Amino acid sequence: MQRSWTEADDSSATLLRVLSLILPTFNEAQNLPELLPKVQQALGSVPYEIIIVDDDSPDRTWEVAREMGKADPGIRVIRRVGRWGLSSAVIEGFLTATGDMFVVMDADGQHDPSIVTKLMQALEEGAGIAIGSRYVEGGGVVGEWDERRAMLSRIATRLAIRLCRVKVKDPMSGFFAIRRDVFEDALPRLNPKGFKILLDLLIHIRPHTRVWEIPFTFGVRAHGESKLSRRVQIEFIEYLYEAVLGRFLPLTFVQYCIVGAMGVAVHLAAYALMGWMLTGDLTPTPAQDSRAFLLAMLGGIEAAIVFNFILNNAWTFARARLRGWRAILGFLRFNAACAFGALASYSVTLFLFALGFGFVSVFVGALVGVIWNYTMNRVFTWRDR
Ligand SMILES: Nc1nc2c(ncn2[C@@H]2O[C@H](COP(=O)(O)OP(=O)(O)OP(=O)(O)O)[C@@H](O)[C@H]2O)c(=O)[nH]1
Ligand SMILES: [Mg+2]
């Protein structure tokens, strides 16, 4: 990497204007060879390192990047295996960066490399963060953003500004510069989940940090596909929840309750189906046939447990997802925790009934059961602390 040094008055050397440019990539093998020469040209004599953070792309972007790094020692590549997500990729890039100014840029050609030096200049003039902004005067979007995509972007931007109380026009931009010290100060508070690292930084920097927006025109993706999937959109809603309400009620608890509510429907459906198979009646009662009733109830409970386990493993605790034999072990733990939860719920209900609380006892018992199940499963089944 090229570096420039300047002698300060007291003769101690100070590192000056070294740029770490972070390029997060997923399936951008076709775009990188077109983008990198443009970036190098735009940077001119600026001392730089380029850090490509690739999430083990199936199109082997990391290999293409490494090949290009052979010709330019300023290019470094992180191939992440078993970790994914745009925000966490950018944070990982920052953590390994050696420069004192960081710039993040898409690798698909939508961000104009000639803006990079403008962003750096803003930092040199006193900004803590400089944003390549589509929504300030002079900025914009070209190309084939259809009505739906443009509307989604507008809604998401407005939601973010309102709910997270950030005072910029384009908090969702993927093109920005940040000073190392500003990043390091915010680092312990960052949420690596999701797609919108700039928004997260804006939420977690000190209030006095200066944030400037530099207009730029968001271009057209050169090759390949957008990664703005449905999953990314759901993650954005989850992210907003965590940013606004997460400290009062953990997101995983809300997800656990949503799954649990769906589990009730599965429970009833399985009970009815088994009842119908055993007695020809969709709602068997103990008075009618106590054996059939017991079997239908047990079938309903176990169906709900299987359903809840699968969904919680895929969604609620996706970060700690269990696979292979661990999933089987986890399923057994989940069963045990739920059985104890049912017992706790039952005991509390009986106790409160005995104290004369009436129907409220059932409600409190159910609440105790849910909180018990959630806590035990979070800690012992998924070990998500
Ligand atoms: N490392 C890493 N990079 C990602 C991930 N998702 C997206 N990227 C990269 O982040 C940049 C932005 O992603 P895009 O899919 O272009 O998102 P976008 O620009 O909002 O969407 P389009 O306008 O449709 O291109 C691109 O360089 C992607 O390759 C990810 O999960 N991990
Ligand atoms: Mg893009």
# chains A, B, ... in the order shown; residues from 1 in each chain; ligands from 1
>>> closest_atom_pairs(of="segment 42-81 of chain A", to="segment 88-107 of chain A", cutoff="8 Å", atoms="only C-alpha atoms", output="CSV")
residue,atom,partner,partner_atom,distance
A:Tyr48,CA,A:Gly99,CA,7.6
A:Glu49,CA,A:Gly99,CA,7.6
A:Ile51,CA,A:Gly93,CA,6.4
A:Ile52,CA,A:Gly93,CA,7.6
A:Val53,CA,A:Ala89,CA,6.0
A:Asp54,CA,A:Ala89,CA,7.6
A:Asp55,CA,A:Ala89,CA,7.7
A:Ile78,CA,A:Gly93,CA,7.9
>>> write_last_selection(atoms="N, CA and C atoms", output="mmCIF file, in the first residue's frame")
data_model
loop_
_atom_site.group_PDB
_atom_site.id
_atom_site.type_symbol
_atom_site.label_atom_id
_atom_site.label_comp_id
_atom_site.auth_asym_id
_atom_site.auth_seq_id
_atom_site.Cartn_x
_atom_site.Cartn_y
_atom_site.Cartn_z
ATOM 1 N N TYR A 48 -4.031 4.763 -0.886
ATOM 2 C CA TYR A 48 -5.246 3.987 -0.606
ATOM 3 C C TYR A 48 -4.945 2.528 -0.349
ATOM 4 N N GLU A 49 -5.922 1.884 0.273
ATOM 5 C CA GLU A 49 -6.024 0.428 0.222
ATOM 6 C C GLU A 49 -7.474 0.138 -0.132
ATOM 7 N N ILE A 51 -10.334 -2.736 0.194
ATOM 8 C CA ILE A 51 -10.620 -3.999 0.888
ATOM 9 C C ILE A 51 -11.930 -4.558 0.340
ATOM 10 N N ILE A 52 -11.830 -5.685 -0.319
ATOM 11 C CA ILE A 52 -13.027 -6.318 -0.873
ATOM 12 C C ILE A 52 -13.490 -7.375 0.125
ATOM 13 N N VAL A 53 -14.713 -7.214 0.617
ATOM 14 C CA VAL A 53 -15.225 -8.177 1.596
ATOM 15 C C VAL A 53 -16.297 -9.006 0.904
ATOM 16 N N ASP A 54 -15.938 -10.227 0.583
ATOM 17 C CA ASP A 54 -16.839 -11.070 -0.209
ATOM 18 C C ASP A 54 -17.390 -12.215 0.642
ATOM 19 N N ASP A 55 -18.698 -12.437 0.543
ATOM 20 C CA ASP A 55 -19.325 -13.491 1.347
ATOM 21 C C ASP A 55 -19.326 -14.822 0.599
ATOM 22 N N ILE A 78 -11.088 -10.166 1.670
ATOM 23 C CA ILE A 78 -11.533 -11.026 2.771
ATOM 24 C C ILE A 78 -12.616 -11.921 2.191
#
>>> residues_near_ligand(ligand="ligand 1", cutoff="9 Å", atoms="only C-alpha atoms and all ligand atoms", output="ChimeraX atom specification")
/A:23-28,31,52-57,79-80,83-90,105-111,145,149,172-174,194-195,218-222,224-229,232
>>> write_last_selection(atoms="N, CA and C atoms", output="CSV table (one decimal), in the first residue's frame")
chain,number,residue,atom,x,y,z
A,23,LEU,N,-15.2,-2.4,-0.3
A,23,LEU,CA,-16.2,-2.8,-1.3
A,23,LEU,C,-16.8,-4.2,-0.9
A,24,PRO,N,-18.0,-4.1,-0.4
A,24,PRO,CA,-18.7,-5.4,0.0
A,24,PRO,C,-19.2,-6.0,-1.3
A,25,THR,N,-19.0,-7.3,-1.5
A,25,THR,CA,-19.4,-8.0,-2.7
A,25,THR,C,-20.2,-9.3,-2.4
A,26,PHE,N,-21.1,-9.5,-3.3
A,26,PHE,CA,-21.7,-10.8,-3.4
A,26,PHE,C,-22.1,-11.0,-4.8
A,27,ASN,N,-21.5,-12.0,-5.5
A,27,ASN,CA,-21.7,-12.3,-6.9
A,27,ASN,C,-21.5,-11.0,-7.8
A,28,GLU,N,-20.3,-10.4,-7.7
A,28,GLU,CA,-20.0,-9.3,-8.5
A,28,GLU,C,-18.7,-9.6,-9.3
A,31,ASN,N,-18.5,-7.5,-12.4
A,31,ASN,CA,-18.4,-6.0,-12.2
A,31,ASN,C,-17.0,-5.6,-11.7
A,52,ILE,N,-11.8,-5.7,-0.3
A,52,ILE,CA,-13.0,-6.3,-0.9
A,52,ILE,C,-13.5,-7.4,0.1
A,53,VAL,N,-14.7,-7.2,0.6
A,53,VAL,CA,-15.2,-8.2,1.6
A,53,VAL,C,-16.3,-9.0,0.9
A,54,ASP,N,-15.9,-10.2,0.6
A,54,ASP,CA,-16.8,-11.1,-0.2
A,54,ASP,C,-17.4,-12.2,0.6
A,55,ASP,N,-18.7,-12.4,0.5
A,55,ASP,CA,-19.3,-13.5,1.3
A,55,ASP,C,-19.3,-14.8,0.6
A,56,ASP,N,-18.1,-15.3,0.3
A,56,ASP,CA,-18.0,-16.6,-0.4
A,56,ASP,C,-18.9,-16.7,-1.6
A,57,SER,N,-18.9,-15.7,-2.5
A,57,SER,CA,-19.8,-15.7,-3.6
A,57,SER,C,-19.7,-17.0,-4.5
A,79,ARG,N,-12.4,-13.2,2.2
A,79,ARG,CA,-13.4,-14.2,1.8
A,79,ARG,C,-14.0,-14.7,3.1
A,80,ARG,N,-15.3,-14.3,3.3
A,80,ARG,CA,-15.9,-14.7,4.5
A,80,ARG,C,-16.7,-16.0,4.3
A,83,ARG,N,-20.3,-16.6,7.3
A,83,ARG,CA,-20.8,-15.3,7.9
A,83,ARG,C,-21.4,-14.5,6.7
A,84,TRP,N,-22.5,-13.8,6.9
A,84,TRP,CA,-23.0,-13.1,5.8
A,84,TRP,C,-23.8,-11.9,6.2
A,85,GLY,N,-24.1,-11.1,5.2
A,85,GLY,CA,-24.9,-9.8,5.5
A,85,GLY,C,-24.1,-8.6,5.2
A,86,LEU,N,-24.7,-7.6,4.6
A,86,LEU,CA,-24.0,-6.4,4.1
A,86,LEU,C,-23.4,-5.6,5.3
A,87,SER,N,-24.2,-5.3,6.3
A,87,SER,CA,-23.7,-4.5,7.4
A,87,SER,C,-22.5,-5.2,8.1
A,88,SER,N,-22.6,-6.5,8.4
A,88,SER,CA,-21.5,-7.1,9.1
A,88,SER,C,-20.3,-7.2,8.2
A,89,ALA,N,-20.5,-7.3,6.8
A,89,ALA,CA,-19.3,-7.3,5.9
A,89,ALA,C,-18.6,-6.0,6.0
A,90,VAL,N,-19.4,-4.9,6.0
A,90,VAL,CA,-18.7,-3.6,6.0
A,90,VAL,C,-18.0,-3.4,7.3
A,105,MET,N,-18.5,1.6,-0.7
A,105,MET,CA,-19.1,1.8,-2.0
A,105,MET,C,-19.6,0.5,-2.6
A,106,ASP,N,-20.7,0.5,-3.3
A,106,ASP,CA,-21.2,-0.7,-4.0
A,106,ASP,C,-20.2,-1.1,-5.1
A,107,ALA,N,-20.2,-2.4,-5.4
A,107,ALA,CA,-19.2,-2.9,-6.4
A,107,ALA,C,-19.9,-3.1,-7.7
A,108,ASP,N,-21.1,-2.7,-7.9
A,108,ASP,CA,-21.9,-3.0,-9.1
A,108,ASP,C,-21.9,-1.9,-10.1
A,109,GLY,N,-21.2,-0.8,-9.8
A,109,GLY,CA,-21.1,0.3,-10.8
A,109,GLY,C,-22.1,1.4,-10.6
A,110,GLN,N,-23.0,1.2,-9.5
A,110,GLN,CA,-24.0,2.3,-9.3
A,110,GLN,C,-23.5,3.5,-8.6
A,111,HIS,N,-22.3,3.4,-8.0
A,111,HIS,CA,-21.7,4.5,-7.3
A,111,HIS,C,-20.5,5.1,-8.1
A,145,TRP,N,-35.3,2.2,-12.3
A,145,TRP,CA,-36.0,1.9,-11.0
A,145,TRP,C,-37.5,2.0,-11.4
A,149,ARG,N,-40.1,-0.2,-6.9
A,149,ARG,CA,-38.8,0.0,-6.2
A,149,ARG,C,-38.6,1.4,-5.7
A,172,MET,N,-30.2,5.9,3.9
A,172,MET,CA,-30.2,4.5,3.4
A,172,MET,C,-29.1,4.4,2.3
A,173,SER,N,-28.3,5.4,2.1
A,173,SER,CA,-27.3,5.3,1.1
A,173,SER,C,-26.3,4.3,1.4
A,174,GLY,N,-25.7,3.6,0.4
A,174,GLY,CA,-24.7,2.6,0.6
A,174,GLY,C,-23.3,3.2,0.3
A,194,GLY,N,-28.5,-6.9,9.1
A,194,GLY,CA,-29.2,-6.2,8.1
A,194,GLY,C,-28.3,-5.6,7.0
A,195,PHE,N,-28.9,-4.6,6.3
A,195,PHE,CA,-28.4,-4.1,5.0
A,195,PHE,C,-27.9,-2.7,5.1
A,218,PHE,N,-27.3,8.1,-8.5
A,218,PHE,CA,-27.2,6.7,-8.3
A,218,PHE,C,-27.4,6.0,-9.7
A,219,GLY,N,-26.4,5.3,-10.2
A,219,GLY,CA,-26.5,4.8,-11.6
A,219,GLY,C,-27.2,3.5,-11.7
A,220,VAL,N,-26.9,2.8,-12.9
A,220,VAL,CA,-27.5,1.6,-13.2
A,220,VAL,C,-26.5,0.4,-12.9
A,221,ARG,N,-27.0,-0.6,-12.3
A,221,ARG,CA,-26.2,-1.8,-12.0
A,221,ARG,C,-25.6,-2.3,-13.3
A,222,ALA,N,-24.3,-2.5,-13.4
A,222,ALA,CA,-23.7,-2.9,-14.7
A,222,ALA,C,-24.1,-4.3,-15.1
A,224,GLY,N,-25.2,-8.5,-13.4
A,224,GLY,CA,-25.6,-9.3,-12.2
A,224,GLY,C,-27.0,-8.8,-11.6
A,225,GLU,N,-27.3,-9.4,-10.5
A,225,GLU,CA,-28.6,-9.2,-9.9
A,225,GLU,C,-28.6,-8.4,-8.6
A,226,SER,N,-29.7,-7.7,-8.3
A,226,SER,CA,-29.8,-7.0,-7.1
A,226,SER,C,-29.9,-8.0,-5.9
A,227,LYS,N,-29.5,-7.6,-4.7
A,227,LYS,CA,-29.6,-8.5,-3.6
A,227,LYS,C,-30.7,-8.0,-2.6
A,228,LEU,N,-31.5,-7.1,-3.1
A,228,LEU,CA,-32.6,-6.6,-2.3
A,228,LEU,C,-33.8,-7.5,-2.3
A,229,SER,N,-33.6,-8.7,-1.7
A,229,SER,CA,-34.6,-9.7,-1.7
A,229,SER,C,-35.7,-9.4,-0.6
A,232,VAL,N,-34.2,-9.5,2.8
A,232,VAL,CA,-33.6,-8.2,3.1
A,232,VAL,C,-34.6,-7.2,3.6
>>> residues_around(residues="segment 237-252 of chain A", least_positions_apart="5", cutoff="8 Å", atoms="only C-alpha atoms", output="number ranges by chain")
A: 160, 163-164, 193-194, 316-317
>>> atom_distance(atom1="atom CA of Arg206 of chain A", atom2="atom CA of Arg189 of chain A")
11.1 Å
>>> residues_around(residues="Arg66 of chain A", least_positions_apart="5", cutoff="8 Å", atoms="only C-alpha atoms", output="number ranges by chain")
A: 75-77
>>> write_last_selection(atoms="C-alpha atoms", output="PDB file, in the first residue's frame")
ATOM      1  CA  ILE A  75      -6.001  -4.470  -2.988  1.00  0.00           C
ATOM      2  CA  ARG A  76      -6.864  -6.891  -0.196  1.00  0.00           C
ATOM      3  CA  VAL A  77      -9.564  -9.528  -0.090  1.00  0.00           C
TER       4      VAL A  77
END
>>> select_by_dssp(residues="segment 260-299 of chain A", states="helix (DSSP H, G or I)", output="ChimeraX atom specification")
/A:260-279,290-299
>>> write_last_selection(atoms="N, CA and C atoms", output="short mmCIF file (atom, residue, chain, number, x, y, z; two decimals), in the first residue's frame")
data_model
loop_
_atom_site.label_atom_id
_atom_site.label_comp_id
_atom_site.auth_asym_id
_atom_site.auth_seq_id
_atom_site.Cartn_x
_atom_site.Cartn_y
_atom_site.Cartn_z
N GLY A 260 -45.44 -18.61 18.26
CA GLY A 260 -46.30 -19.31 19.22
C GLY A 260 -47.78 -19.17 18.85
N ALA A 261 -48.16 -17.95 18.40
CA ALA A 261 -49.56 -17.73 18.03
C ALA A 261 -49.93 -18.59 16.82
N MET A 262 -49.00 -18.69 15.87
CA MET A 262 -49.27 -19.55 14.71
C MET A 262 -49.32 -21.01 15.16
N GLY A 263 -48.49 -21.33 16.16
CA GLY A 263 -48.45 -22.69 16.70
C GLY A 263 -49.80 -23.11 17.28
N VAL A 264 -50.54 -22.14 17.85
CA VAL A 264 -51.86 -22.45 18.40
C VAL A 264 -52.77 -22.97 17.29
N ALA A 265 -52.69 -22.32 16.11
CA ALA A 265 -53.51 -22.75 14.97
C ALA A 265 -53.12 -24.17 14.54
N VAL A 266 -51.81 -24.43 14.53
CA VAL A 266 -51.35 -25.77 14.14
C VAL A 266 -51.85 -26.80 15.16
N HIS A 267 -51.77 -26.43 16.44
CA HIS A 267 -52.24 -27.30 17.52
C HIS A 267 -53.71 -27.69 17.29
N LEU A 268 -54.55 -26.67 17.05
CA LEU A 268 -55.98 -26.92 16.87
C LEU A 268 -56.24 -27.78 15.63
N ALA A 269 -55.51 -27.47 14.55
CA ALA A 269 -55.72 -28.21 13.30
C ALA A 269 -55.34 -29.69 13.49
N ALA A 270 -54.20 -29.93 14.16
CA ALA A 270 -53.75 -31.32 14.35
C ALA A 270 -54.71 -32.07 15.28
N TYR A 271 -55.19 -31.37 16.31
CA TYR A 271 -56.16 -31.98 17.25
C TYR A 271 -57.43 -32.38 16.50
N ALA A 272 -57.91 -31.46 15.63
CA ALA A 272 -59.14 -31.74 14.89
C ALA A 272 -58.94 -32.90 13.91
N LEU A 273 -57.79 -32.87 13.24
CA LEU A 273 -57.51 -33.93 12.25
C LEU A 273 -57.43 -35.30 12.92
N MET A 274 -56.71 -35.36 14.06
CA MET A 274 -56.59 -36.65 14.74
C MET A 274 -57.93 -37.09 15.31
N GLY A 275 -58.67 -36.11 15.84
CA GLY A 275 -60.00 -36.43 16.37
C GLY A 275 -60.88 -37.03 15.29
N TRP A 276 -60.81 -36.43 14.12
CA TRP A 276 -61.63 -36.89 12.99
C TRP A 276 -61.21 -38.31 12.55
N MET A 277 -59.87 -38.54 12.55
CA MET A 277 -59.39 -39.87 12.14
C MET A 277 -59.78 -40.95 13.16
N LEU A 278 -59.77 -40.57 14.46
CA LEU A 278 -60.02 -41.56 15.51
C LEU A 278 -61.52 -41.78 15.78
N THR A 279 -62.30 -40.67 15.71
CA THR A 279 -63.72 -40.79 16.10
C THR A 279 -64.70 -40.36 15.02
N SER A 290 -62.46 -40.78 26.01
CA SER A 290 -61.33 -40.17 26.72
C SER A 290 -59.98 -40.55 26.08
N ARG A 291 -59.90 -41.78 25.54
CA ARG A 291 -58.63 -42.19 24.92
C ARG A 291 -58.36 -41.38 23.65
N ALA A 292 -59.38 -41.28 22.82
CA ALA A 292 -59.24 -40.51 21.57
C ALA A 292 -58.94 -39.05 21.88
N PHE A 293 -59.61 -38.54 22.92
CA PHE A 293 -59.36 -37.13 23.28
C PHE A 293 -57.90 -36.94 23.68
N LEU A 294 -57.39 -37.84 24.52
CA LEU A 294 -56.00 -37.72 25.00
C LEU A 294 -55.03 -37.79 23.81
N LEU A 295 -55.27 -38.75 22.91
CA LEU A 295 -54.37 -38.89 21.75
C LEU A 295 -54.42 -37.64 20.86
N ALA A 296 -55.63 -37.13 20.63
CA ALA A 296 -55.77 -35.94 19.78
C ALA A 296 -55.08 -34.75 20.42
N MET A 297 -55.21 -34.61 21.75
CA MET A 297 -54.55 -33.50 22.45
C MET A 297 -53.03 -33.63 22.35
N LEU A 298 -52.53 -34.86 22.62
CA LEU A 298 -51.08 -35.06 22.55
C LEU A 298 -50.57 -34.80 21.13
N GLY A 299 -51.34 -35.26 20.12
CA GLY A 299 -50.96 -35.03 18.72
C GLY A 299 -50.89 -33.53 18.44
#
>>> closest_residue(among="A:Lys70, A:Arg165, A:His223, A:Arg231", to="ligand 2", atoms="only C-alpha atoms and all ligand atoms")
A:His223
>>> select_by_dssp(residues="segment 28-264 of chain A", states="strand (DSSP E)", output="number ranges by chain")
A: 48-54, 75-79, 101-104, 129-133, 140-141, 176-179, 211-215, 217-218
>>> residues_around(residues="Ala342 of chain A", least_positions_apart="3", cutoff="10 Å", atoms="only C-alpha atoms", output="list in words")
Ala336, Ala337, Cys338, Ala339, Ser345, Tyr346, Ser347, Val348, Gly365, Ala366, Val368, Gly369, Val370, Trp372 and Asn373 of chain A
>>> residues_around(residues="Asp170 of chain A", least_positions_apart="5", cutoff="8 Å", atoms="only C-alpha atoms", output="PyMOL selection string")
chain A and resi 131+133-136+157
>>> closest_residue(among="A:Ile129, A:Val362, A:Val141, A:Ile371", to="ligand 2", atoms="only C-alpha atoms and all ligand atoms")
A:Val141
>>> closest_residue(among="A:Phe340, A:Trp62, A:Tyr374, A:Phe309", to="Ile328 of chain A", atoms="only C-alpha atoms")
A:Phe309
>>> closest_residue(among="A:Leu187, A:Gly143, A:Thr61, A:His208", to="ligand 2", atoms="only C-alpha atoms and all ligand atoms")
A:Gly143
>>> atom_distance(atom1="atom CA of Phe359 of chain A", atom2="atom CA of Leu343 of chain A")
18.0 Å
>>> atom_distance(atom1="atom CA of Leu198 of chain A", atom2="atom CA of Gly69 of chain A")
27.1 Å
